[in-house]
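Novice: Dropping in my_file_37.txt, which is compact mmCIF, C-alpha atoms:
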# COMPACT_ATOMS: atom_id res chain seq x y z
CA ASP V 184 -37.30 5.23 -30.30
CA THR V 185 -35.02 8.25 -30.30
CA GLY V 186 -31.86 6.38 -29.37
CA VAL V 187 -29.30 7.15 -26.70
CA SER V 188 -28.20 10.78 -26.64
CA GLN V 189 -25.12 12.30 -25.03
CA ASP V 190 -24.19 15.87 -24.31
CA PRO V 191 -21.86 17.51 -25.05
CA ARG V 192 -20.40 15.73 -28.08
CA HIS V 193 -17.03 17.37 -27.57
CA LYS V 194 -15.39 18.92 -24.54
CA ILE V 195 -12.01 20.59 -24.34
CA THR V 196 -10.80 21.49 -20.88
CA LYS V 197 -7.64 22.44 -19.07
CA ARG V 198 -5.94 20.09 -16.66
CA GLY V 199 -7.35 20.44 -13.18
CA GLN V 200 -10.82 21.54 -14.25
CA ASN V 201 -14.01 19.59 -13.52
CA VAL V 202 -16.23 18.33 -16.32
CA THR V 203 -19.69 16.76 -16.39
CA PHE V 204 -21.27 14.70 -19.14
CA ARG V 205 -24.91 13.79 -19.57
CA CYS V 206 -26.49 10.66 -21.02
CA ASP V 207 -30.16 10.18 -21.89
CA PRO V 208 -30.90 6.50 -22.44
CA ILE V 209 -33.57 4.99 -24.64
CA SER V 210 -36.91 5.59 -22.98
CA GLU V 211 -37.88 2.85 -20.50
CA HIS V 212 -34.45 1.20 -20.59
CA ASN V 213 -33.71 0.38 -16.98
CA ARG V 214 -30.01 -0.46 -17.40
CA LEU V 215 -27.44 2.22 -18.13
CA TYR V 216 -23.71 1.78 -18.66
CA TRP V 217 -20.72 4.09 -19.04
CA TYR V 218 -17.65 3.03 -21.03
CA ARG V 219 -14.43 4.78 -21.96
CA GLN V 220 -12.60 4.30 -25.25
CA THR V 221 -9.06 5.41 -25.97
CA LEU V 222 -7.27 5.39 -29.31
CA GLY V 223 -6.69 1.91 -30.68
CA GLN V 224 -8.68 0.22 -27.92
CA GLY V 225 -12.17 -1.11 -27.57
CA PRO V 226 -14.62 0.44 -25.11
CA GLU V 227 -13.82 -0.36 -21.46
CA PHE V 228 -16.52 -0.70 -18.82
CA LEU V 229 -16.65 2.03 -16.18
CA THR V 230 -19.91 1.69 -14.28
CA TYR V 231 -23.46 0.31 -14.40
CA PHE V 232 -26.85 1.43 -13.13
CA GLN V 233 -30.03 -0.56 -12.78
CA ASN V 234 -32.71 2.08 -12.46
CA GLU V 235 -31.24 4.61 -10.02
CA ALA V 236 -28.93 2.17 -8.22
CA GLN V 237 -25.25 2.12 -9.15
CA LEU V 238 -24.48 -1.57 -8.91
CA GLU V 239 -20.91 -1.86 -10.14
CA LYS V 240 -17.88 0.35 -10.63
CA SER V 241 -14.74 -0.65 -12.48
CA ARG V 242 -11.36 -0.20 -10.86
CA LEU V 243 -10.71 2.18 -13.78
CA LEU V 244 -13.09 4.59 -12.06
CA SER V 245 -10.80 6.48 -9.70
CA ASP V 246 -12.04 8.64 -6.82
CA ARG V 247 -12.06 11.60 -9.19
CA PHE V 248 -14.91 10.05 -11.13
CA SER V 249 -18.52 10.00 -9.97
CA ALA V 250 -21.68 8.97 -11.74
CA GLU V 251 -25.30 9.42 -10.84
CA ARG V 252 -28.69 8.45 -12.17
CA PRO V 253 -30.95 10.28 -9.75
CA LYS V 254 -34.39 9.32 -11.04
CA GLY V 255 -33.55 6.23 -13.00
CA SER V 256 -33.68 8.13 -16.28
CA PHE V 257 -30.75 10.29 -17.42
CA SER V 258 -27.27 9.88 -15.97
CA THR V 259 -24.32 12.20 -15.39
CA LEU V 260 -20.63 11.37 -15.25
CA GLU V 261 -18.40 13.91 -13.51
CA ILE V 262 -14.62 13.98 -13.59
CA GLN V 263 -12.95 16.19 -11.01
CA ARG V 264 -9.45 17.64 -11.34
CA THR V 265 -9.04 16.32 -14.89
CA GLU V 266 -5.71 14.90 -16.00
CA GLN V 267 -4.33 14.48 -19.51
CA GLY V 268 -4.80 10.72 -19.15
CA ASP V 269 -8.55 11.30 -18.91
CA SER V 270 -8.63 12.28 -22.58
CA ALA V 271 -10.85 9.70 -24.26
CA MET V 272 -14.25 9.04 -25.77
CA TYR V 273 -16.86 8.50 -23.05
CA LEU V 274 -19.68 6.28 -24.23
CA CYS V 275 -23.05 5.67 -22.66
CA ALA V 276 -25.21 2.64 -23.42
CA SER V 277 -28.60 1.40 -22.30
CA SER V 278 -30.57 -1.81 -22.36
CA LEU V 279 -33.89 -3.23 -21.20
CA GLN V 280 -33.09 -6.31 -19.15
CA THR V 281 -31.15 -7.81 -22.07
CA VAL V 282 -27.49 -8.26 -22.88
CA THR V 283 -27.70 -6.17 -26.05
CA GLN V 284 -26.68 -2.62 -25.28
CA TYR V 285 -27.39 0.38 -27.47
CA PHE V 286 -24.77 3.08 -27.52
CA GLY V 287 -24.93 6.81 -27.78
CA PRO V 288 -22.62 8.88 -30.02
CA GLY V 289 -20.17 9.52 -27.20
CA THR V 290 -18.54 12.58 -25.67
CA ARG V 291 -14.97 13.20 -26.76
CA LEU V 292 -12.95 14.74 -23.94
CA THR V 293 -9.65 16.48 -24.58
CA VAL V 294 -7.65 17.60 -21.56
CA LEU V 295 -4.95 20.16 -22.36
CA ASP D 427 -5.08 -9.08 -19.57
CA GLN D 428 -7.03 -9.01 -22.83
CA GLN D 429 -9.99 -11.36 -22.38
CA VAL D 430 -11.33 -10.69 -25.88
CA LYS D 431 -8.79 -10.65 -28.66
CA GLN D 432 -9.07 -9.43 -32.20
CA ASN D 433 -5.59 -10.19 -33.43
CA SER D 434 -5.87 -8.79 -36.93
CA PRO D 435 -6.04 -5.00 -36.79
CA SER D 436 -7.25 -4.62 -40.36
CA LEU D 437 -8.81 -6.44 -43.29
CA SER D 438 -9.26 -5.39 -46.91
CA VAL D 439 -11.67 -7.18 -49.27
CA GLN D 440 -13.13 -6.64 -52.71
CA GLU D 441 -16.74 -5.56 -53.01
CA GLY D 442 -19.01 -8.57 -53.47
CA ARG D 443 -16.60 -11.00 -51.78
CA ILE D 444 -16.84 -12.46 -48.29
CA SER D 445 -15.39 -10.68 -45.26
CA ILE D 446 -14.41 -12.90 -42.33
CA LEU D 447 -13.62 -11.18 -39.05
CA ASN D 448 -12.22 -13.30 -36.25
CA CYS D 449 -12.36 -13.03 -32.47
CA ASP D 450 -10.96 -15.16 -29.65
CA TYR D 451 -11.77 -15.10 -25.96
CA THR D 452 -10.15 -16.51 -22.86
CA ASN D 453 -12.79 -16.22 -20.14
CA SER D 454 -14.85 -19.41 -19.87
CA MET D 455 -17.60 -17.50 -18.06
CA PHE D 456 -18.52 -15.62 -21.23
CA ASP D 457 -21.77 -17.00 -22.60
CA TYR D 458 -23.08 -14.29 -24.91
CA PHE D 459 -21.24 -12.63 -27.76
CA LEU D 460 -21.98 -9.56 -29.84
CA TRP D 461 -20.58 -7.72 -32.82
CA TYR D 462 -20.69 -3.96 -33.10
CA LYS D 463 -19.84 -1.72 -36.01
CA LYS D 464 -18.38 1.73 -35.50
CA TYR D 465 -17.95 4.65 -37.87
CA PRO D 466 -15.61 7.52 -36.94
CA ALA D 467 -17.10 10.05 -34.50
CA GLU D 468 -20.08 7.79 -33.79
CA GLY D 469 -20.90 5.30 -31.07
CA PRO D 470 -20.85 1.54 -31.72
CA THR D 471 -23.91 0.15 -33.52
CA PHE D 472 -25.18 -3.31 -32.63
CA LEU D 473 -24.98 -5.78 -35.54
CA ILE D 474 -25.62 -9.33 -34.43
CA SER D 475 -25.26 -11.56 -31.40
CA ILE D 476 -25.07 -15.21 -30.43
CA SER D 477 -25.72 -17.15 -27.27
CA SER D 478 -23.35 -19.92 -26.22
CA ILE D 479 -26.15 -22.48 -26.66
CA LYS D 480 -25.95 -21.90 -30.42
CA ASP D 481 -23.15 -22.25 -32.92
CA LYS D 482 -24.55 -20.05 -35.66
CA ASN D 483 -26.79 -17.04 -36.00
CA GLU D 484 -27.72 -15.37 -39.25
CA ASP D 485 -29.23 -11.97 -40.05
CA GLY D 486 -29.30 -10.99 -43.67
CA ARG D 487 -25.76 -10.60 -44.98
CA PHE D 488 -24.29 -11.15 -41.51
CA THR D 489 -23.61 -14.54 -39.94
CA VAL D 490 -21.82 -15.18 -36.67
CA PHE D 491 -20.26 -18.56 -35.92
CA LEU D 492 -19.27 -19.71 -32.44
CA ASN D 493 -16.81 -22.50 -31.64
CA LYS D 494 -16.97 -22.86 -27.86
CA SER D 495 -14.32 -25.53 -27.58
CA ALA D 496 -11.85 -23.29 -29.38
CA LYS D 497 -13.17 -20.12 -27.68
CA HIS D 498 -13.42 -18.58 -31.11
CA LEU D 499 -16.08 -16.71 -33.02
CA SER D 500 -16.21 -15.16 -36.44
CA LEU D 501 -18.39 -12.71 -38.32
CA HIS D 502 -19.05 -13.38 -41.99
CA ILE D 503 -20.33 -10.63 -44.25
CA VAL D 504 -21.58 -11.77 -47.62
CA PRO D 505 -21.55 -10.01 -50.00
CA SER D 506 -19.35 -7.21 -48.72
CA GLN D 507 -20.34 -3.68 -49.67
CA PRO D 508 -18.33 -0.42 -49.57
CA GLY D 509 -20.72 0.84 -46.85
CA ASP D 510 -19.49 -1.98 -44.62
CA SER D 511 -16.15 -0.21 -44.30
CA ALA D 512 -15.86 0.55 -40.57
CA VAL D 513 -14.29 -0.71 -37.36
CA TYR D 514 -15.85 -3.93 -36.07
CA PHE D 515 -15.74 -4.80 -32.39
CA CYS D 516 -16.29 -8.21 -30.88
CA ALA D 517 -17.78 -8.11 -27.38
CA ALA D 518 -18.54 -10.74 -24.77
CA SER D 519 -20.66 -10.94 -21.66
CA ALA D 520 -21.24 -13.30 -18.78
CA VAL D 521 -25.04 -13.26 -18.76
CA SER D 522 -25.15 -15.10 -15.50
CA GLY D 523 -23.13 -12.30 -13.96
CA ALA D 524 -24.60 -9.40 -12.06
CA ASN D 525 -24.73 -6.78 -14.75
CA SER D 526 -24.05 -8.14 -18.25
CA LYS D 527 -21.28 -5.64 -18.81
CA LEU D 528 -19.54 -6.02 -22.14
CA THR D 529 -15.86 -6.79 -22.59
CA PHE D 530 -14.61 -5.61 -25.97
CA GLY D 531 -11.74 -6.52 -28.25
CA LYS D 532 -9.57 -3.82 -29.81
CA GLY D 533 -11.46 -3.88 -33.07
CA ILE D 534 -10.76 -4.69 -36.71
CA THR D 535 -10.79 -2.04 -39.43
CA LEU D 536 -12.57 -3.42 -42.48
CA SER D 537 -12.05 -1.77 -45.85
CA VAL D 538 -14.24 -2.87 -48.75
CA ARG D 539 -12.75 -1.89 -52.09
CA PRO D 540 -15.18 -1.01 -54.92
Show the structure stored in the file as structure tokens.
Specialist:
Amino acid sequence: DTGVSQDPRHKITKRGQNVTFRCDPISEHNRLYWYRQTLGQGPEFLTYFQNEAQLEKSRLLSDRFSAERPKGSFSTLEIQRTEQGDSAMYLCASSLQTVTQYFGPGTRLTVL
Amino acid sequence: DQQVKQNSPSLSVQEGRISILNCDYTNSMFDYFLWYKKYPAEGPTFLISISSIKDKNEDGRFTVFLNKSAKHLSLHIVPSQPGDSAVYFCAASAVSGANSKLTFGKGITLSVRP
């Protein structure tokens, strides 16, 4: 069990640029989640995959955000035309048909 | 609309004493509750959970109590250790829902004094 990994750990970008984050879940975990955490808040749900199917998207996920999990293994989260309000910690979690989710270390995004 | 509330932002306790972290929820559909611990620059780490069919679950130094009628749960840490100093998040899920997404509180910063 190597745990959930995320890449990169930190990303600094200029407003208007596109960024992409990667998440590798725990092997054989079929459920994968993305959350966003801002300062002083708990993680907030963004989107959920069961295998390769994206089954739910939060209203927090604007049209500038897109997520994929092409082969039911790793997932990517892309933010287009970044805004300063996108600055946050982006967390990925996975689970195997249970409620308990295991989180990765997160990607901290700073938009200048 | 905060469905999971952790009203005390911080708690400081002496090493060896009990830490009690509280959490309230408003959504009656929640039927599974979890506690996560988070150190700076790391992701949340799962600690302990409880289903709504139980009122207590214990794992070593950690015990979670659930009072469904009051929509309240608490995490007890006994004895508290300096390594327990971290941010603790309460989370809830509606298991019967489509995806078991977690709804988190804002967290409580626990400081354990040596």
Novice: What is the atom CA of V:Ile195-atom CA of V:Ile262 distance in Å, reported with one decimal?
Specialist: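 Computing it gives 12.9 Å between the two atoms.
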Novice: Given the point (-25.2, -12.4, -41.5) in the coordinates of this file, which residues lie within 8 Å, counting all atoms listed in the file, and how would they look as a ChimeraX atom specification?
Specialist: /D:474,483-490,501-504
Novice: If we count only C-alpha atoms, what is near stretch 237-250 of chain V at a cut-off of 6 Å, once residues fewer than 6 positions away on the same chain are taken out, given as a PyMOL selection string?
Specialist: chain V and resi 229-231+259-263
Novice: Could you pull the residues within 6 Å of D:Ala512, counting all atoms listed in the file, minus those fewer than 5 positions along the same chain, as a ChimeraX atom specification?
Specialist: /D:464-465,535-536
Novice: With a distance threshold of 8 Å and counting all atoms listed in the file, extract the residues of chain D near chain V and express them as an MDAnalysis selection string.
Specialist: chainID D and resid 458 460 467:472 475 515 519 521 525:533
Novice: Record the distance separating atom CA of D:Ile476 and atom CA of D:Ser445, expressed in Å with one decimal.
Specialist: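 According to the coordinates, atom CA of D:Ile476 and atom CA of D:Ser445 are separated by 18.3 Å.
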Novice: Of the candidates D:Thr452, D:Gly509, D:Ile534, D:Arg539, which shows the shortest atom-to-atom distance to D:Ser434, using all atoms listed in the file?
Specialist: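 Nearest to D:Ser434: D:Ile534.
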Novice: So how many Å separate atom CA of D:Arg443 and atom CA of D:Asn493, to one decimal?
Specialist: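 Here the two named atoms are 23.2 Å from each other.
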Novice: Nearest to D:Ser500: which of D:Asn448, D:Asn453, D:Gln429, D:Ser537 is it, counting all atoms listed in the file?
Specialist: D:Asn448
Novice: Considering all atoms listed in the file, return as a count of residues only whatever protein or nucleic-acid residues lie within 8 Å of D:Leu492, sequence-local ones (same chain, fewer than 2 positions apart) excluded.
Specialist: 11
